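Visitor: My file is data_3.txt. It has compact mmCIF, N, CA and C atoms:
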```
# COMPACT_ATOMS: atom_id res chain seq x y z
N MET A 1 -18.48 -49.65 8.54
CA MET A 1 -17.08 -49.26 8.47
C MET A 1 -16.98 -47.74 8.59
N THR A 2 -16.15 -47.28 9.46
CA THR A 2 -16.00 -45.87 9.72
C THR A 2 -14.84 -45.31 8.91
N MET A 3 -15.09 -44.16 8.23
CA MET A 3 -14.04 -43.52 7.44
C MET A 3 -13.25 -42.59 8.35
N THR A 4 -11.98 -42.82 8.48
CA THR A 4 -11.13 -41.93 9.27
C THR A 4 -10.07 -41.36 8.34
N THR A 5 -9.75 -40.13 8.58
CA THR A 5 -8.75 -39.46 7.77
C THR A 5 -7.52 -39.23 8.62
N THR A 6 -6.40 -39.64 8.12
CA THR A 6 -5.17 -39.47 8.87
C THR A 6 -4.56 -38.12 8.54
N LEU A 7 -3.61 -37.73 9.33
CA LEU A 7 -2.91 -36.47 9.13
C LEU A 7 -2.22 -36.45 7.77
N LEU A 8 -1.65 -37.57 7.37
CA LEU A 8 -0.96 -37.62 6.08
C LEU A 8 -1.93 -37.43 4.91
N GLN A 9 -3.17 -37.84 5.08
CA GLN A 9 -4.15 -37.63 4.02
C GLN A 9 -4.62 -36.18 3.98
N ARG A 10 -4.62 -35.50 5.10
CA ARG A 10 -5.05 -34.11 5.16
C ARG A 10 -3.94 -33.13 4.80
N PHE A 11 -2.71 -33.55 4.90
CA PHE A 11 -1.56 -32.66 4.73
C PHE A 11 -1.55 -31.95 3.37
N PRO A 12 -1.75 -32.63 2.23
CA PRO A 12 -1.73 -31.92 0.94
C PRO A 12 -2.80 -30.82 0.85
N ALA A 13 -3.97 -31.07 1.39
CA ALA A 13 -5.02 -30.05 1.37
C ALA A 13 -4.63 -28.86 2.25
N LEU A 14 -4.01 -29.12 3.38
CA LEU A 14 -3.56 -28.06 4.27
C LEU A 14 -2.49 -27.20 3.60
N VAL A 15 -1.55 -27.84 2.95
CA VAL A 15 -0.48 -27.11 2.25
C VAL A 15 -1.08 -26.26 1.13
N SER A 16 -2.01 -26.81 0.39
CA SER A 16 -2.65 -26.06 -0.70
C SER A 16 -3.40 -24.85 -0.16
N ALA A 17 -4.12 -25.02 0.91
CA ALA A 17 -4.87 -23.92 1.51
C ALA A 17 -3.93 -22.82 2.00
N CYS A 18 -2.83 -23.21 2.59
CA CYS A 18 -1.86 -22.23 3.07
C CYS A 18 -1.23 -21.47 1.90
N ALA A 19 -0.92 -22.18 0.82
CA ALA A 19 -0.33 -21.54 -0.35
C ALA A 19 -1.28 -20.54 -0.98
N VAL A 20 -2.54 -20.89 -1.09
CA VAL A 20 -3.54 -19.98 -1.65
C VAL A 20 -3.70 -18.76 -0.76
N THR A 21 -3.76 -18.96 0.54
CA THR A 21 -3.90 -17.85 1.48
C THR A 21 -2.70 -16.91 1.39
N LEU A 22 -1.51 -17.45 1.32
CA LEU A 22 -0.30 -16.64 1.21
C LEU A 22 -0.30 -15.86 -0.10
N ALA A 23 -0.66 -16.50 -1.19
CA ALA A 23 -0.69 -15.82 -2.49
C ALA A 23 -1.68 -14.66 -2.48
N LEU A 24 -2.85 -14.87 -1.91
CA LEU A 24 -3.85 -13.80 -1.84
C LEU A 24 -3.38 -12.66 -0.94
N ALA A 25 -2.70 -12.99 0.14
CA ALA A 25 -2.19 -11.96 1.03
C ALA A 25 -1.12 -11.12 0.34
N LEU A 26 -0.25 -11.76 -0.42
CA LEU A 26 0.79 -11.03 -1.13
C LEU A 26 0.21 -10.16 -2.23
N LEU A 27 -0.80 -10.65 -2.91
CA LEU A 27 -1.43 -9.85 -3.96
C LEU A 27 -2.15 -8.65 -3.36
N GLY A 28 -2.69 -8.79 -2.19
CA GLY A 28 -3.37 -7.69 -1.53
C GLY A 28 -2.43 -6.61 -1.05
N CYS A 29 -1.18 -6.93 -0.85
CA CYS A 29 -0.20 -5.97 -0.35
C CYS A 29 0.46 -5.16 -1.45
N VAL A 30 0.24 -5.54 -2.68
CA VAL A 30 0.88 -4.84 -3.79
C VAL A 30 0.22 -3.49 -3.97
N THR A 31 1.03 -2.45 -3.98
CA THR A 31 0.51 -1.11 -4.20
C THR A 31 1.01 -0.58 -5.53
N PRO A 32 0.20 0.17 -6.21
CA PRO A 32 0.65 0.71 -7.49
C PRO A 32 1.76 1.74 -7.26
N SER A 33 2.70 1.79 -8.16
CA SER A 33 3.78 2.74 -8.03
C SER A 33 3.31 4.10 -8.54
N HIS A 34 3.81 5.14 -7.94
CA HIS A 34 3.44 6.49 -8.32
C HIS A 34 4.39 6.99 -9.40
N ALA A 35 3.84 7.61 -10.41
CA ALA A 35 4.66 8.20 -11.45
C ALA A 35 5.36 9.41 -10.84
N GLN A 36 6.63 9.51 -11.05
CA GLN A 36 7.41 10.60 -10.51
C GLN A 36 7.63 11.66 -11.59
N THR A 37 6.70 12.58 -11.70
CA THR A 37 6.84 13.67 -12.67
C THR A 37 7.28 14.91 -11.91
N VAL A 38 8.26 15.59 -12.44
CA VAL A 38 8.81 16.77 -11.79
C VAL A 38 7.84 17.93 -11.99
N ALA A 39 7.41 18.53 -10.88
CA ALA A 39 6.49 19.66 -10.93
C ALA A 39 7.26 20.97 -11.00
N VAL A 40 8.35 21.04 -10.24
CA VAL A 40 9.13 22.27 -10.18
C VAL A 40 10.55 21.94 -9.71
N MET A 41 11.50 22.78 -10.06
CA MET A 41 12.87 22.64 -9.59
C MET A 41 13.12 23.75 -8.56
N VAL A 42 13.61 23.37 -7.38
CA VAL A 42 13.90 24.34 -6.32
C VAL A 42 15.36 24.16 -5.93
N ASN A 43 16.15 25.19 -6.13
CA ASN A 43 17.59 25.16 -5.83
C ASN A 43 18.26 23.93 -6.45
N GLY A 44 17.87 23.59 -7.65
CA GLY A 44 18.46 22.46 -8.36
C GLY A 44 17.92 21.10 -7.97
N GLU A 45 16.97 21.06 -7.03
CA GLU A 45 16.37 19.81 -6.59
C GLU A 45 15.00 19.65 -7.24
N PRO A 46 14.73 18.49 -7.83
CA PRO A 46 13.41 18.28 -8.42
C PRO A 46 12.37 18.01 -7.34
N ILE A 47 11.22 18.68 -7.44
CA ILE A 47 10.09 18.46 -6.56
C ILE A 47 9.01 17.80 -7.41
N THR A 48 8.63 16.57 -7.05
CA THR A 48 7.68 15.82 -7.85
C THR A 48 6.25 16.05 -7.37
N ASP A 49 5.31 15.67 -8.23
CA ASP A 49 3.90 15.74 -7.85
C ASP A 49 3.63 14.88 -6.61
N PHE A 50 4.31 13.75 -6.53
CA PHE A 50 4.16 12.86 -5.38
C PHE A 50 4.66 13.54 -4.10
N ASP A 51 5.80 14.26 -4.19
CA ASP A 51 6.32 15.00 -3.03
C ASP A 51 5.30 16.02 -2.54
N ILE A 52 4.69 16.74 -3.48
CA ILE A 52 3.70 17.75 -3.13
C ILE A 52 2.48 17.12 -2.48
N GLU A 53 2.03 16.00 -3.04
CA GLU A 53 0.88 15.28 -2.48
C GLU A 53 1.15 14.81 -1.05
N GLN A 54 2.34 14.25 -0.83
CA GLN A 54 2.68 13.75 0.50
C GLN A 54 2.83 14.89 1.50
N ARG A 55 3.41 16.00 1.08
CA ARG A 55 3.56 17.15 1.98
C ARG A 55 2.20 17.74 2.34
N THR A 56 1.30 17.78 1.36
CA THR A 56 -0.06 18.27 1.61
C THR A 56 -0.76 17.41 2.64
N LYS A 57 -0.62 16.10 2.52
CA LYS A 57 -1.23 15.18 3.50
C LYS A 57 -0.62 15.37 4.88
N LEU A 58 0.70 15.55 4.95
CA LEU A 58 1.36 15.77 6.23
C LEU A 58 0.89 17.07 6.87
N ASP A 59 0.79 18.13 6.07
CA ASP A 59 0.31 19.41 6.60
C ASP A 59 -1.10 19.27 7.15
N PHE A 60 -1.96 18.55 6.43
CA PHE A 60 -3.34 18.38 6.90
C PHE A 60 -3.37 17.60 8.21
N LEU A 61 -2.58 16.53 8.30
CA LEU A 61 -2.56 15.73 9.53
C LEU A 61 -2.02 16.52 10.72
N SER A 62 -1.08 17.42 10.48
CA SER A 62 -0.48 18.15 11.60
C SER A 62 -1.29 19.38 11.98
N THR A 63 -2.06 19.97 11.04
CA THR A 63 -2.80 21.19 11.36
C THR A 63 -4.31 21.00 11.32
N HIS A 64 -4.78 19.93 10.70
CA HIS A 64 -6.20 19.66 10.52
C HIS A 64 -6.89 20.77 9.72
N LYS A 65 -6.14 21.41 8.83
CA LYS A 65 -6.69 22.45 7.96
C LYS A 65 -6.34 22.10 6.52
N ARG A 66 -7.32 22.25 5.65
CA ARG A 66 -7.08 22.03 4.22
C ARG A 66 -6.37 23.25 3.64
N GLN A 67 -5.39 22.98 2.80
CA GLN A 67 -4.69 24.06 2.10
C GLN A 67 -5.42 24.33 0.80
N HIS A 68 -5.71 25.58 0.52
CA HIS A 68 -6.38 25.95 -0.72
C HIS A 68 -5.33 26.19 -1.80
N ALA A 69 -5.62 25.70 -2.99
CA ALA A 69 -4.70 25.89 -4.12
C ALA A 69 -4.67 27.36 -4.48
N LYS A 70 -3.47 27.89 -4.66
CA LYS A 70 -3.31 29.29 -5.07
C LYS A 70 -3.42 29.36 -6.57
N ARG A 71 -4.13 30.37 -7.03
CA ARG A 71 -4.31 30.53 -8.49
C ARG A 71 -3.62 31.76 -8.98
```
Can the structure in the file be given as structure tokens, please?
Guide:
Amino acid sequence: MTMTTTLLQRFPALVSACAVTLALALLGCVTPSHAQTVAVMVNGEPITDFDIEQRTKLDFLSTHKRQHAKR
């Protein structure tokens, strides 16, 4: 006697596999939120540590030069 599996018998396993894959993909896309601490106020506008970090990265990408911290 040959065991054959029909589509209806495979369907629950397929749905489960898809659900697990989707859940893992969504968990992998979660990024931690950045704390927004104000580093300085310029003309009444708060400049956060995150703003400074992002601007530093942009400057490096556009000039390919590292900015040295002023002391």
Visitor: Using CA of Val20 in chain A and CA of Thr6 in chain A as the two end points, give the distance in Å to one decimal.
Guide: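 Distance reported for this atom pair: 22.2 Å.
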Visitor: To one decimal place, how far is CA of Lys65 in chain A from CA of Ile47 in chain A in Å?
Guide: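 We find that CA of Lys65 in chain A and CA of Ile47 in chain A lie 22.5 Å from each other.
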Visitor: Between CA of Val42 in chain A and CA of Leu61 in chain A, what is the spacing in Å?
Guide: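 Pair CA of Leu61 in chain A / CA of Val42 in chain A returns 24.4 Å.
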Visitor: Using only C-alpha atoms, which protein or nucleic acid residues come within 6 Å of range 48-60 of chain A? Drop anything in the same chain fewer than 2 positions from it, and give the result as a tab-separated table (two decimals) with N, CA and C atoms, keeping the file's coordinate frame.
Guide:
```
chain	number	residue	atom	x	y	z
A	36	GLN	N	6.63	9.51	-11.05
A	36	GLN	CA	7.41	10.60	-10.51
A	36	GLN	C	7.63	11.66	-11.59
A	37	THR	N	6.70	12.58	-11.70
A	37	THR	CA	6.84	13.67	-12.67
A	37	THR	C	7.28	14.91	-11.91
A	38	VAL	N	8.26	15.59	-12.44
A	38	VAL	CA	8.81	16.77	-11.79
A	38	VAL	C	7.84	17.93	-11.99
A	39	ALA	N	7.41	18.53	-10.88
A	39	ALA	CA	6.49	19.66	-10.93
A	39	ALA	C	7.26	20.97	-11.00
A	62	SER	N	-1.08	17.42	10.48
A	62	SER	CA	-0.48	18.15	11.60
A	62	SER	C	-1.29	19.38	11.98
A	63	THR	N	-2.06	19.97	11.04
A	63	THR	CA	-2.80	21.19	11.36
A	63	THR	C	-4.31	21.00	11.32
A	64	HIS	N	-4.78	19.93	10.70
A	64	HIS	CA	-6.20	19.66	10.52
A	64	HIS	C	-6.89	20.77	9.72
A	65	LYS	N	-6.14	21.41	8.83
A	65	LYS	CA	-6.69	22.45	7.96
A	65	LYS	C	-6.34	22.10	6.52
A	66	ARG	N	-7.32	22.25	5.65
A	66	ARG	CA	-7.08	22.03	4.22
A	66	ARG	C	-6.37	23.25	3.64
```
Visitor: Hey, could you pull the box centre and edge lengths for range 55-66 of chain A, axis-aligned, 4 Å padding per side, all listed atoms, to one decimal in Å, as lines of an AutoDock Vina configuration file?
Guide:
```
center_x = -1.9
center_y = 19.2
center_z = 6.5
size_x = 18.9
size_y = 16.1
size_z = 18.9
```
